[in-house]
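Below is data_21.cif, which holds mmCIF, C-alpha atoms.
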data_target
loop_
_atom_site.label_atom_id
_atom_site.label_comp_id
_atom_site.auth_asym_id
_atom_site.auth_seq_id
_atom_site.Cartn_x
_atom_site.Cartn_y
_atom_site.Cartn_z
CA MET A 1 99.70 115.77 83.75
CA ARG A 2 95.91 115.78 83.52
CA LYS A 3 95.74 111.99 83.91
CA TRP A 4 97.91 112.24 87.02
CA MET A 5 95.60 114.88 88.55
CA ASN A 6 92.53 112.72 87.80
CA VAL A 7 94.20 109.77 89.55
CA LEU A 8 95.04 111.93 92.57
CA ILE A 9 91.50 113.32 92.80
CA ALA A 10 89.98 109.84 92.48
CA THR A 11 92.35 108.60 95.19
CA LEU A 12 91.37 111.44 97.53
CA VAL A 13 87.67 110.81 96.95
CA ALA A 14 88.12 107.08 97.61
CA ALA A 15 90.06 107.75 100.82
CA LEU A 16 87.39 110.14 102.08
CA ALA A 17 84.61 107.69 101.17
CA LEU A 18 86.29 104.89 103.15
CA THR A 19 86.87 106.95 106.30
CA PRO A 20 83.44 106.34 107.99
CA PHE A 21 83.74 102.58 107.44
CA ALA A 22 87.33 102.38 108.63
CA THR A 23 86.72 104.35 111.80
CA GLY A 24 83.78 102.26 112.94
CA GLY A 25 81.02 104.81 113.22
CA ASP A 26 79.31 102.69 115.92
CA THR A 27 78.42 104.07 119.31
CA PRO A 28 80.11 102.21 122.18
CA ARG A 29 78.07 99.78 124.26
CA PRO A 30 77.06 101.10 127.68
CA GLY A 31 79.77 100.33 130.23
CA ALA A 32 82.32 99.43 127.58
CA GLN A 33 85.86 100.63 128.12
CA PRO A 34 87.01 103.14 125.52
CA ALA A 35 89.41 101.67 122.97
CA ARG A 36 93.03 102.45 123.69
CA GLN A 37 94.32 104.84 121.07
CA THR A 38 97.82 104.22 119.78
CA ALA A 39 99.59 106.98 117.98
CA ALA A 40 99.78 106.44 114.25
CA PRO A 41 103.28 106.57 112.77
CA THR A 42 104.39 109.93 111.46
CA ASP A 43 105.01 110.68 107.78
CA GLU A 44 108.73 110.31 108.40
CA GLN A 45 108.27 106.87 109.96
CA VAL A 46 105.98 105.64 107.16
CA MET A 47 108.31 106.83 104.41
CA GLY A 48 111.41 105.79 106.37
CA ASP A 49 110.16 102.21 106.73
CA PHE A 50 109.54 102.02 102.98
CA TRP A 51 112.99 103.38 102.03
CA LYS A 52 114.77 101.32 104.69
CA LEU A 53 113.77 98.16 102.83
CA PHE A 54 115.25 99.61 99.63
CA GLU A 55 118.50 100.41 101.43
CA GLN A 56 118.64 96.78 102.56
CA GLY A 57 118.21 95.57 98.96
CA LYS A 58 114.64 94.40 99.64
CA SER A 59 112.69 96.37 97.02
CA GLU A 60 110.33 93.45 96.34
CA GLU A 61 109.53 93.16 100.06
CA ALA A 62 108.88 96.91 100.18
CA MET A 63 106.32 96.53 97.39
CA ILE A 64 104.71 93.47 99.00
CA GLN A 65 104.21 95.44 102.22
CA PHE A 66 103.08 98.53 100.30
CA THR A 67 100.39 96.59 98.42
CA ALA A 68 99.35 94.27 101.29
CA ALA A 69 95.98 96.00 101.83
CA TRP A 70 95.06 96.30 98.15
CA PRO A 71 91.81 94.44 97.42
CA ASP A 72 92.87 93.82 93.80
CA ARG A 73 95.58 91.19 94.30
CA ALA A 74 96.16 90.92 90.53
CA GLN A 75 97.05 94.61 90.41
CA ALA A 76 99.32 94.22 93.46
CA THR A 77 101.08 91.25 91.84
CA ASP A 78 101.50 93.21 88.60
CA ILE A 79 103.14 96.09 90.50
CA ALA A 80 105.50 93.68 92.31
CA VAL A 81 106.49 92.02 89.00
CA ARG A 82 107.06 95.38 87.27
CA MET A 83 109.08 96.57 90.26
CA SER A 84 111.22 93.43 90.19
CA ASP A 85 111.84 93.90 86.47
CA MET A 86 112.71 97.57 86.93
CA ALA A 87 115.07 96.77 89.82
CA SER A 88 116.86 94.06 87.83
CA ARG A 89 117.45 96.50 84.94
CA SER A 90 118.37 99.49 87.11
CA GLY A 91 120.88 97.81 89.40
CA LYS A 92 121.48 98.43 93.07
CA TYR A 93 119.54 101.17 94.92
CA LEU A 94 121.85 104.07 95.84
CA SER A 95 119.64 106.81 97.29
CA HIS A 96 116.54 108.90 96.73
CA ALA A 97 115.50 112.54 96.92
CA GLU A 98 111.99 113.76 97.55
CA ILE A 99 110.59 116.19 94.96
CA THR A 100 107.20 116.75 96.61
CA HIS A 101 105.68 115.64 99.90
CA ARG A 102 102.12 116.50 100.96
CA ASN A 103 100.16 115.30 103.95
CA PHE A 104 96.39 115.66 103.64
CA ASP A 105 94.85 115.97 107.11
CA GLY A 106 97.00 113.18 108.55
CA ARG A 107 95.07 110.66 106.43
CA LEU A 108 96.84 110.73 103.08
CA ILE A 109 100.49 111.13 102.11
CA PHE A 110 101.55 111.94 98.56
CA SER A 111 105.28 111.60 97.89
CA ASP A 112 107.02 112.18 94.57
CA ASN A 113 110.67 111.01 94.51
CA VAL A 114 113.74 110.73 92.33
CA VAL A 115 115.35 107.35 92.99
CA PHE A 116 118.99 106.75 92.09
CA PHE A 117 120.13 103.30 91.01
CA GLU A 118 123.53 102.15 89.72
CA GLN A 119 122.32 102.16 86.13
CA GLY A 120 119.81 104.96 86.05
CA VAL A 121 117.35 107.32 87.67
CA VAL A 122 113.67 106.52 88.20
CA ARG A 123 110.76 108.62 89.46
CA PHE A 124 108.53 107.04 92.13
CA GLN A 125 105.12 108.40 93.09
CA LEU A 126 103.72 106.93 96.30
CA ILE A 127 100.38 107.48 97.98
CA PHE A 128 99.80 106.16 101.50
CA ALA A 129 96.37 106.32 103.16
CA ARG A 130 95.32 105.93 106.78
CA PRO A 131 91.55 105.26 106.74
CA ALA A 132 91.64 104.05 110.37
CA ASP A 133 94.76 103.90 112.51
CA LYS A 134 97.13 101.98 110.23
CA TRP A 135 98.91 103.39 107.18
CA GLN A 136 98.66 101.39 103.96
CA GLY A 137 99.95 101.82 100.44
CA MET A 138 97.26 103.09 98.12
CA ASN A 139 98.92 103.92 94.82
CA PHE A 140 102.37 103.47 93.29
CA GLN A 141 103.72 104.52 89.94
CA PHE A 142 107.21 104.72 88.54
CA SER A 143 108.52 106.29 85.38
CA TYR A 144 111.77 107.17 83.69
CA ASP A 145 110.39 110.48 82.40
CA MET A 146 110.85 113.21 84.97
CA VAL A 147 112.29 116.24 83.19
CA ASP A 148 109.30 118.53 83.91
CA GLN A 149 109.12 117.58 87.60
CA ILE A 150 112.87 118.07 88.16
CA ALA A 151 112.76 121.46 86.43
CA ALA A 152 109.77 122.57 88.53
CA ALA A 153 111.41 121.40 91.76
CA ALA A 154 114.63 123.22 90.87
CA ARG A 155 112.71 126.50 90.46
CA LYS A 156 111.30 126.35 94.01
#
Here is a file; write its structure as structure tokens.
Amino acid sequence: MRKWMNVLIATLVAALALTPFATGGDTPRPGAQPARQTAAPTDEQVMGDFWKLFEQGKSEEAMIQFTAAWPDRAQATDIAVRMSDMASRSGKYLSHAEITHRNFDGRLIFSDNVVFFEQGVVRFQLIFARPADKWQGMNFQFSYDMVDQIAAAARK
């Protein structure tokens, strides 16, 4: 549990540190037209797009899109390979249920989920960040051990 909290805190610090760079910070040139602001997708749209790929049997594509902005391509490839292995052992995706969902100031989404496959149940933890105006996957973990989280969610 402590390791998980350290990862979450480090992720939050990294997201906050990147915000000034991602938003530009420059003053506009005199006479320049203001940039057109497009509305960022909502939490529901971001999470819905991710799960839609799973429903279509495209879990590897979901992970490729999730890790597209990661600077460490080796880590992104490792996640995609582990996901492919997990999916091949777990069978077809059936559904998922969200245990916890938190939105931090419209810039960070933390989502903890129980994912049901034909041959088992897996816990997914997803973190999406929006340093500028586009959401990107920031952290992904999966595990087969979820007894404590399910018990805590059932008490709520």
Convert the output of the PyMOL selection byres ((chain A and resi 103) around 12) on the shown file into explicit residues, formatted as a list of chain:residue names.
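Applying the PyMOL selection byres ((chain A and resi 103) around 12) to the structure shown produces A:Leu12, A:Thr42, A:Asp43, A:Glu44, A:Val46, A:Met47, A:Thr100, A:His101, A:Arg102, A:Phe104, A:Asp105, A:Gly106, A:Arg107, A:Leu108, A:Ile109, A:Phe110, A:Ser111, A:Leu126, A:Ile127, A:Phe128, A:Ala129, A:Arg130.
Taking CA of Gln149 in chain A and CA of Asn113 in chain A as endpoints, the distance between them is 9.7 Å.
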What is the distance, in Å and to one decimal place, between CA of Gly137 in chain A and CA of Ile150 in chain A?
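Atom-to-atom, CA of Gly137 in chain A to CA of Ile150 in chain A, that is 24.1 Å.
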Ala62 in chain A environment, 9 Å, only C-alpha atoms, sequence neighbours closer than 5 positions dropped, as a list in words:
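Listed by chain and then number, they are Asp49, Phe50, Trp51, Lys52, Leu53, Phe54 and Thr67 of chain A.
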From the options A:Ala154, A:Tyr93, A:Phe140, A:Asp145, which residue's atoms come nearest to Phe66 in chain A, counting only C-alpha atoms?
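Distance minimum relative to Phe66 in chain A lands on A:Phe140.
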Counting only C-alpha atoms, what is within 9 Å of Ala40 in chain A, bar same-chain residues fewer than 4 positions away, as a ChimeraX atom specification?
/A:130,133-135
Please provide the set of residues having any atom within 10 Å of Val115 in chain A, restricted to all atoms listed in the file, with same-chain residues fewer than 5 positions apart removed, written as a list in words.
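Listed by chain and then number, they are Tyr93, Leu94, Ser95, His96, Ala97, Glu98, Gly120, Val121, Val122, Arg123, Phe124, Phe142 and Tyr144 of chain A.
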